[in-house]
file my_file17.csv (CSV, C-alpha atoms)
chain,number,residue,atom,x,y,z
A,309,MET,CA,62.7,-48.9,46.4
A,310,THR,CA,63.6,-50.1,49.9
A,311,ASN,CA,66.5,-52.4,48.9
A,312,LEU,CA,69.6,-51.3,47.1
A,313,PHE,CA,69.9,-54.6,45.2
A,314,SER,CA,66.4,-54.5,43.8
A,315,ASN,CA,64.9,-52.7,40.8
A,316,ILE,CA,68.2,-52.6,39.0
A,317,PRO,CA,67.3,-51.6,35.4
A,318,SER,CA,68.0,-54.6,33.1
A,319,ASP,CA,69.3,-52.2,30.4
A,320,LEU,CA,72.2,-50.3,31.8
A,321,PRO,CA,73.9,-48.5,28.9
A,322,ASP,CA,75.3,-45.9,31.2
A,323,GLU,CA,75.3,-45.0,34.9
A,324,VAL,CA,71.8,-44.8,36.4
A,325,VAL,CA,71.7,-42.5,39.5
A,326,GLU,CA,68.8,-42.5,41.9
A,327,THR,CA,68.6,-40.1,44.8
A,328,LEU,CA,67.5,-41.8,48.0
A,329,LEU,CA,67.6,-38.9,50.3
A,330,LYS,CA,68.3,-35.2,50.0
A,331,THR,CA,68.7,-32.4,52.5
A,332,ASN,CA,70.4,-29.0,52.2
A,333,THR,CA,73.8,-30.4,53.0
A,334,LEU,CA,73.5,-34.1,52.1
A,335,ARG,CA,72.5,-36.3,49.2
A,336,ILE,CA,72.4,-40.1,49.3
A,337,GLU,CA,72.4,-41.8,45.9
A,338,ARG,CA,72.4,-45.3,44.5
A,339,ILE,CA,74.5,-45.6,41.3
A,340,ALA,CA,74.2,-48.6,39.1
A,341,SER,CA,76.1,-49.5,35.9
A,342,HIS,CA,77.2,-52.5,34.0
A,343,GLY,CA,80.6,-52.6,32.4
A,344,HIS,CA,80.5,-48.8,32.2
A,345,ALA,CA,83.6,-46.6,32.3
A,346,SER,CA,83.9,-42.8,32.1
A,347,ALA,CA,84.9,-41.4,28.7
A,348,LYS,CA,88.6,-41.4,28.2
A,349,ASP,CA,89.2,-37.7,29.0
A,350,PHE,CA,86.3,-37.1,31.4
A,351,TRP,CA,86.9,-36.2,35.0
A,352,TYR,CA,84.4,-35.8,37.7
A,353,ASP,CA,85.2,-32.5,39.5
A,354,GLN,CA,82.6,-32.0,42.2
A,355,HIS,CA,82.0,-29.1,44.5
A,356,GLN,CA,80.7,-31.5,47.2
A,357,HIS,CA,82.8,-34.1,49.0
A,358,GLU,CA,81.8,-37.7,48.2
A,359,TRP,CA,82.0,-40.8,50.4
A,360,VAL,CA,81.4,-43.8,48.2
A,361,LEU,CA,80.8,-47.5,49.0
A,362,LEU,CA,80.9,-50.3,46.5
A,363,LEU,CA,78.1,-52.7,47.3
A,364,GLN,CA,78.2,-55.2,44.3
A,365,GLY,CA,80.4,-55.8,41.3
A,366,GLU,CA,83.9,-54.5,41.0
A,367,ALA,CA,85.5,-51.2,39.8
A,368,LYS,CA,88.7,-49.3,39.3
A,369,LEU,CA,88.8,-45.6,40.0
A,370,GLN,CA,91.4,-43.3,38.6
A,371,PHE,CA,92.5,-40.1,40.3
A,372,GLU,CA,94.2,-37.3,38.3
A,373,ASP,CA,96.7,-36.8,41.1
A,374,ASP,CA,97.7,-40.5,41.4
A,375,THR,CA,99.3,-42.9,38.9
A,376,ASP,CA,97.8,-46.0,40.7
A,377,LEU,CA,94.2,-47.0,40.2
A,378,LEU,CA,92.0,-47.7,43.2
A,379,SER,CA,90.5,-51.2,42.9
A,380,MET,CA,87.3,-51.6,44.8
A,381,LYS,CA,85.3,-54.7,45.7
A,382,PRO,CA,82.1,-55.1,47.7
A,383,GLY,CA,82.4,-53.4,51.1
A,384,ASP,CA,85.3,-51.1,50.0
A,385,PHE,CA,84.7,-47.4,50.6
A,386,ALA,CA,86.6,-44.2,49.8
A,387,ASN,CA,86.3,-40.6,50.6
A,388,ILE,CA,86.8,-38.3,47.7
A,389,PRO,CA,87.3,-34.6,48.7
A,390,ALA,CA,85.6,-31.9,46.7
A,391,HIS,CA,87.4,-31.1,43.5
A,392,ARG,CA,89.7,-34.2,43.6
A,393,ARG,CA,89.3,-35.1,40.0
A,394,HIS,CA,88.5,-38.7,39.3
A,395,ARG,CA,86.9,-41.0,36.8
A,396,VAL,CA,85.7,-44.6,36.6
A,397,GLU,CA,88.4,-46.4,34.7
A,398,TRP,CA,86.7,-49.8,34.7
A,399,THR,CA,83.7,-51.8,36.1
A,400,THR,CA,83.3,-55.5,35.8
A,401,PRO,CA,81.4,-56.9,32.8
A,402,ALA,CA,80.3,-59.9,34.9
A,403,GLU,CA,77.4,-58.2,36.7
A,404,PRO,CA,76.0,-54.8,37.5
A,405,THR,CA,78.2,-52.7,39.8
A,406,ILE,CA,76.2,-50.9,42.5
A,407,TRP,CA,77.5,-48.0,44.6
A,408,LEU,CA,76.1,-46.0,47.5
A,409,ALA,CA,77.3,-42.4,47.3
A,410,ILE,CA,77.0,-39.9,50.1
A,411,LEU,CA,77.6,-36.4,48.7
A,412,TYR,CA,78.0,-33.8,51.5
A,413,ALA,CA,78.8,-30.2,51.9
A,414,ALA,CA,82.1,-28.8,52.9
A,415,GLU,CA,82.4,-27.6,56.5
A,416,THR,CA,80.7,-24.4,56.9
A,417,GLU,CA,81.0,-23.8,60.7
B,1088,MET,CA,89.7,-50.0,57.8
B,1089,THR,CA,88.8,-49.7,54.1
B,1090,ASN,CA,86.3,-52.5,53.8
B,1091,LEU,CA,83.1,-52.7,55.8
B,1092,PHE,CA,83.2,-56.5,56.0
B,1093,SER,CA,86.7,-56.6,57.4
B,1094,ASN,CA,88.0,-56.2,60.9
B,1095,ILE,CA,84.8,-57.4,62.5
B,1096,PRO,CA,85.7,-58.0,66.2
B,1097,SER,CA,85.4,-61.8,66.8
B,1098,ASP,CA,84.0,-61.1,70.2
B,1099,LEU,CA,80.8,-59.1,69.9
B,1100,PRO,CA,79.0,-59.0,73.2
B,1101,ASP,CA,77.2,-55.8,72.3
B,1102,GLU,CA,77.1,-53.3,69.4
B,1103,VAL,CA,80.4,-52.0,68.3
B,1104,VAL,CA,80.2,-48.6,66.6
B,1105,GLU,CA,83.0,-47.2,64.5
B,1106,THR,CA,82.9,-43.7,63.1
B,1107,LEU,CA,84.1,-43.7,59.5
B,1108,LEU,CA,83.6,-40.0,58.7
B,1109,LYS,CA,82.5,-37.0,60.8
B,1110,THR,CA,81.7,-33.4,59.8
B,1111,ASN,CA,79.6,-30.7,61.6
B,1112,THR,CA,76.4,-32.0,60.1
B,1113,LEU,CA,77.1,-35.7,59.2
B,1114,ARG,CA,78.5,-38.8,60.8
B,1115,ILE,CA,79.0,-42.1,59.0
B,1116,GLU,CA,79.2,-45.2,61.2
B,1117,ARG,CA,79.7,-48.9,60.8
B,1118,ILE,CA,77.7,-50.8,63.5
B,1119,ALA,CA,78.4,-54.5,64.1
B,1120,SER,CA,76.7,-56.9,66.4
B,1121,HIS,CA,76.0,-60.6,66.7
B,1122,GLY,CA,72.7,-61.8,68.0
B,1123,HIS,CA,72.3,-58.5,69.9
B,1124,ALA,CA,69.0,-56.8,70.8
B,1125,SER,CA,68.3,-53.6,72.7
B,1126,ALA,CA,67.3,-54.0,76.3
B,1127,LYS,CA,63.6,-54.7,76.7
B,1128,ASP,CA,62.6,-51.1,77.6
B,1129,PHE,CA,65.4,-49.3,75.9
B,1130,TRP,CA,64.5,-46.8,73.1
B,1131,TYR,CA,66.9,-44.9,70.9
B,1132,ASP,CA,65.7,-41.3,70.9
B,1133,GLN,CA,68.2,-39.4,68.7
B,1134,HIS,CA,68.4,-35.7,68.0
B,1135,GLN,CA,69.8,-36.4,64.5
B,1136,HIS,CA,68.0,-38.1,61.7
B,1137,GLU,CA,69.4,-41.5,60.8
B,1138,TRP,CA,69.5,-43.2,57.4
B,1139,VAL,CA,70.5,-46.8,58.0
B,1140,LEU,CA,71.5,-49.6,55.6
B,1141,LEU,CA,71.8,-53.3,56.6
B,1142,LEU,CA,74.8,-54.8,54.8
B,1143,GLN,CA,75.1,-58.3,56.3
B,1144,GLY,CA,73.0,-60.4,58.6
B,1145,GLU,CA,69.4,-59.8,59.4
B,1146,ALA,CA,67.5,-57.7,61.9
B,1147,LYS,CA,64.1,-56.6,63.1
B,1148,LEU,CA,63.6,-53.0,64.2
B,1149,GLN,CA,60.8,-51.9,66.5
B,1150,PHE,CA,59.3,-48.4,66.5
B,1151,GLU,CA,57.3,-47.1,69.4
B,1152,ASP,CA,54.7,-45.7,67.1
B,1153,ASP,CA,54.1,-48.9,65.1
B,1154,THR,CA,52.9,-52.3,66.1
B,1155,ASP,CA,54.6,-54.0,63.2
B,1156,LEU,CA,58.3,-54.8,63.3
B,1157,LEU,CA,60.5,-53.8,60.4
B,1158,SER,CA,62.4,-56.8,59.1
B,1159,MET,CA,65.7,-55.9,57.3
B,1160,LYS,CA,67.9,-58.1,55.2
B,1161,PRO,CA,71.1,-57.1,53.2
B,1162,GLY,CA,70.5,-54.1,51.0
B,1163,ASP,CA,67.4,-52.9,52.9
B,1164,PHE,CA,67.5,-49.3,54.1
B,1165,ALA,CA,65.3,-47.1,56.2
B,1166,ASN,CA,65.2,-43.4,57.2
B,1167,ILE,CA,64.5,-42.8,60.8
B,1168,PRO,CA,63.6,-39.2,61.6
B,1169,ALA,CA,65.1,-37.6,64.7
B,1170,HIS,CA,63.2,-38.5,67.9
B,1171,ARG,CA,61.3,-41.4,66.3
B,1172,ARG,CA,61.9,-43.8,69.1
B,1173,HIS,CA,63.1,-47.2,68.0
B,1174,ARG,CA,65.0,-50.2,69.2
B,1175,VAL,CA,66.6,-53.3,67.8
B,1176,GLU,CA,64.2,-56.1,68.6
B,1177,TRP,CA,66.3,-58.9,67.1
B,1178,THR,CA,69.4,-59.7,65.1
B,1179,THR,CA,70.2,-63.1,63.6
B,1180,PRO,CA,72.4,-65.4,65.7
B,1181,ALA,CA,73.7,-67.0,62.5
B,1182,GLU,CA,76.4,-64.3,61.7
B,1183,PRO,CA,77.4,-60.8,62.6
B,1184,THR,CA,74.9,-58.1,61.5
B,1185,ILE,CA,76.6,-55.1,59.9
B,1186,TRP,CA,75.0,-51.8,59.4
B,1187,LEU,CA,76.0,-48.5,57.7
B,1188,ALA,CA,74.4,-45.6,59.6
B,1189,ILE,CA,74.3,-42.0,58.2
B,1190,LEU,CA,73.5,-39.6,61.0
B,1191,TYR,CA,72.6,-36.2,59.7
B,1192,ALA,CA,71.5,-32.9,61.1
B,1193,ALA,CA,67.9,-31.6,60.8
B,1194,GLU,CA,67.4,-29.0,58.1
B,1195,THR,CA,68.8,-25.6,59.3
B,1196,GLU,CA,68.4,-23.5,56.2

call {"tool": "encode", "arguments": {"input": "my_file17.csv", "output": "structure tokens"}}
result
Amino acid sequence: MTNLFSNIPSDLPDEVVETLLKTNTLRIERIASHGHASAKDFWYDQHQHEWVLLLQGEAKLQFEDDTDLLSMKPGDFANIPAHRRHRVEWTTPAEPTIWLAILYAAETE
Amino acid sequence: MTNLFSNIPSDLPDEVVETLLKTNTLRIERIASHGHASAKDFWYDQHQHEWVLLLQGEAKLQFEDDTDLLSMKPGDFANIPAHRRHRVEWTTPAEPTIWLAILYAAETE
């Protein structure tokens, strides 16, 4: 794969995560889904920080520490500190939603 | 800024680089230009690796070690190892070209 909009699986029952690059402190992923949402009581609770960019589609993220949802459209990005619990509340049914996720280690120096 | 397609300077005589996130091993940048190319004999020679994604516009990259140009359109990405000398041969005059660049440290562990 050399283009983030290509080779999207036609059958997307759940999130499909592909690692594009990995080092000891960094992982770059493409995440694709179609109308997918996290399970009602599921929270991501990650030990790495995550910088995430929505490339296609539309989504609403929910954070456990915030009553407002974060609506994201193409070009929108957000930085999610490690252990800030969050979930995908909604993605558009109109088309696949594609994200670029940069997972990176906490400061060590 | 929370959207990579917003707040593009209307006057882009050269590349405009904005740092979106910085840690001790990682820097995420938005790079915007319009019809810009590197000077004829200029080569980027970076001590960090660079993973670069073209988001809007169109570009051709030249590598010193390759006779072929790398044509990039939206969604295309490339990983440029540290010290692989490269330059921007061309960007489209039709619209601003926008990149996301992830500069990351060489493996240290």

call {"tool": "closest_residue", "arguments": {"input": "my_file17.csv", "among": "A:Ile410, A:Gln370, A:Asp376, A:Pro321", "to": "Lys348 (chain A)", "atoms": "all atoms listed in the file"}}
result
A:Gln370

call {"tool": "closest_residue", "arguments": {"input": "my_file17.csv", "among": "B:Phe1092, B:Arg1172, B:Ala1188, B:Ala1119", "to": "Tyr1131 (chain B)", "atoms": "all atoms listed in the file"}}
result
B:Arg1172

call {"tool": "residues_near_point", "arguments": {"input": "my_file17.csv", "point": "(73.3, -52.2, 59.7)", "cutoff": "9 Å", "atoms": "only C-alpha atoms", "output": "ChimeraX atom specification"}}
result
/B:1117-1120,1139-1146,1159,1161,1164,1184-1188

call {"tool": "interface_residues", "arguments": {"input": "my_file17.csv", "of": "chain A", "to": "chain B", "cutoff": "9 Å", "atoms": "all atoms listed in the file", "output": "PyMOL selection string"}}
result
chain A and resi 309-314+329+331-334+359+361+363+381-387+410+412-417

call {"tool": "atom_distance", "arguments": {"input": "my_file17.csv", "atom1": "CA of Asp1132 (chain B)", "atom2": "CA of Pro1183 (chain B)"}}
result
24.2 Å

call {"tool": "residues_around", "arguments": {"input": "my_file17.csv", "residues": "Ala1169 (chain B)", "least_positions_apart": "5", "cutoff": "8 Å", "atoms": "only C-alpha atoms", "output": "VMD selection string"}}
result
chain B and resid 1132 to 1137 1193

call {"tool": "atom_distance", "arguments": {"input": "my_file17.csv", "atom1": "CA of Pro1168 (chain B)", "atom2": "CA of Ile388 (chain A)"}}
result
27.1 Å

call {"tool": "atom_distance", "arguments": {"input": "my_file17.csv", "atom1": "CA of Ala347 (chain A)", "atom2": "CA of Lys330 (chain A)"}}
result
27.7 Å

call {"tool": "residues_around", "arguments": {"input": "my_file17.csv", "residues": "Leu1099 (chain B)", "least_positions_apart": "3", "cutoff": "9 Å", "atoms": "all atoms listed in the file", "output": "VMD selection string"}}
result
chain B and resid 1095 to 1096 1102 to 1103 1119 to 1123 1183

call {"tool": "residues_around", "arguments": {"input": "my_file17.csv", "residues": "Val396 (chain A)", "least_positions_apart": "5", "cutoff": "7 Å", "atoms": "all atoms listed in the file", "output": "list in words"}}
result
Ala345, Ser346, Lys368, Leu369 and Gln370 of chain A

call {"tool": "build_atoms", "arguments": {"input": "my_file17.csv", "residues": "region 353-369 of chain A", "atoms": "N, CA, C and O atoms", "output": "compact mmCIF listing (two decimals), keeping the file's coordinate frame"}}
result
# COMPACT_ATOMS: atom_id res chain seq x y z
N ASP A 353 84.56 -33.53 38.68
CA ASP A 353 85.20 -32.50 39.50
C ASP A 353 84.04 -31.82 40.25
O ASP A 353 83.37 -30.89 39.79
N GLN A 354 83.79 -32.34 41.44
CA GLN A 354 82.60 -32.00 42.20
C GLN A 354 82.81 -30.98 43.26
O GLN A 354 83.86 -30.99 43.91
N HIS A 355 81.82 -30.15 43.46
CA HIS A 355 82.00 -29.10 44.50
C HIS A 355 81.56 -29.66 45.87
O HIS A 355 81.72 -28.98 46.88
N GLN A 356 81.01 -30.88 45.91
CA GLN A 356 80.70 -31.50 47.20
C GLN A 356 81.75 -32.63 47.43
O GLN A 356 82.27 -33.21 46.48
N HIS A 357 82.00 -32.93 48.69
CA HIS A 357 82.80 -34.10 49.00
C HIS A 357 81.88 -35.36 48.72
O HIS A 357 80.65 -35.28 48.75
N GLU A 358 82.52 -36.50 48.47
CA GLU A 358 81.80 -37.70 48.20
C GLU A 358 82.39 -38.89 48.96
O GLU A 358 83.58 -39.18 48.81
N TRP A 359 81.55 -39.55 49.75
CA TRP A 359 82.00 -40.80 50.40
C TRP A 359 81.25 -41.90 49.65
O TRP A 359 80.02 -41.89 49.54
N VAL A 360 82.01 -42.83 49.10
CA VAL A 360 81.40 -43.80 48.20
C VAL A 360 81.74 -45.22 48.66
O VAL A 360 82.85 -45.51 49.12
N LEU A 361 80.74 -46.08 48.56
CA LEU A 361 80.80 -47.50 49.00
C LEU A 361 80.44 -48.37 47.85
O LEU A 361 79.37 -48.19 47.26
N LEU A 362 81.29 -49.33 47.51
CA LEU A 362 80.90 -50.30 46.50
C LEU A 362 80.15 -51.45 47.15
O LEU A 362 80.63 -52.06 48.11
N LEU A 363 78.95 -51.72 46.65
CA LEU A 363 78.10 -52.70 47.30
C LEU A 363 78.06 -54.04 46.48
O LEU A 363 77.86 -55.11 47.05
N GLN A 364 78.20 -53.96 45.17
CA GLN A 364 78.20 -55.20 44.30
C GLN A 364 78.98 -54.89 43.09
O GLN A 364 79.04 -53.75 42.62
N GLY A 365 79.59 -55.94 42.54
CA GLY A 365 80.40 -55.80 41.30
C GLY A 365 81.85 -55.48 41.70
O GLY A 365 82.34 -55.90 42.77
N GLU A 366 82.51 -54.75 40.84
CA GLU A 366 83.90 -54.50 41.00
C GLU A 366 84.25 -53.26 40.14
O GLU A 366 83.68 -53.11 39.06
N ALA A 367 85.18 -52.44 40.59
CA ALA A 367 85.50 -51.20 39.80
C ALA A 367 86.94 -50.80 40.07
O ALA A 367 87.56 -51.19 41.06
N LYS A 368 87.43 -50.00 39.15
CA LYS A 368 88.70 -49.30 39.30
C LYS A 368 88.51 -47.84 39.10
O LYS A 368 88.01 -47.42 38.05
N LEU A 369 88.88 -47.07 40.11
CA LEU A 369 88.80 -45.60 40.00
C LEU A 369 90.18 -45.04 39.69
O LEU A 369 91.20 -45.53 40.18
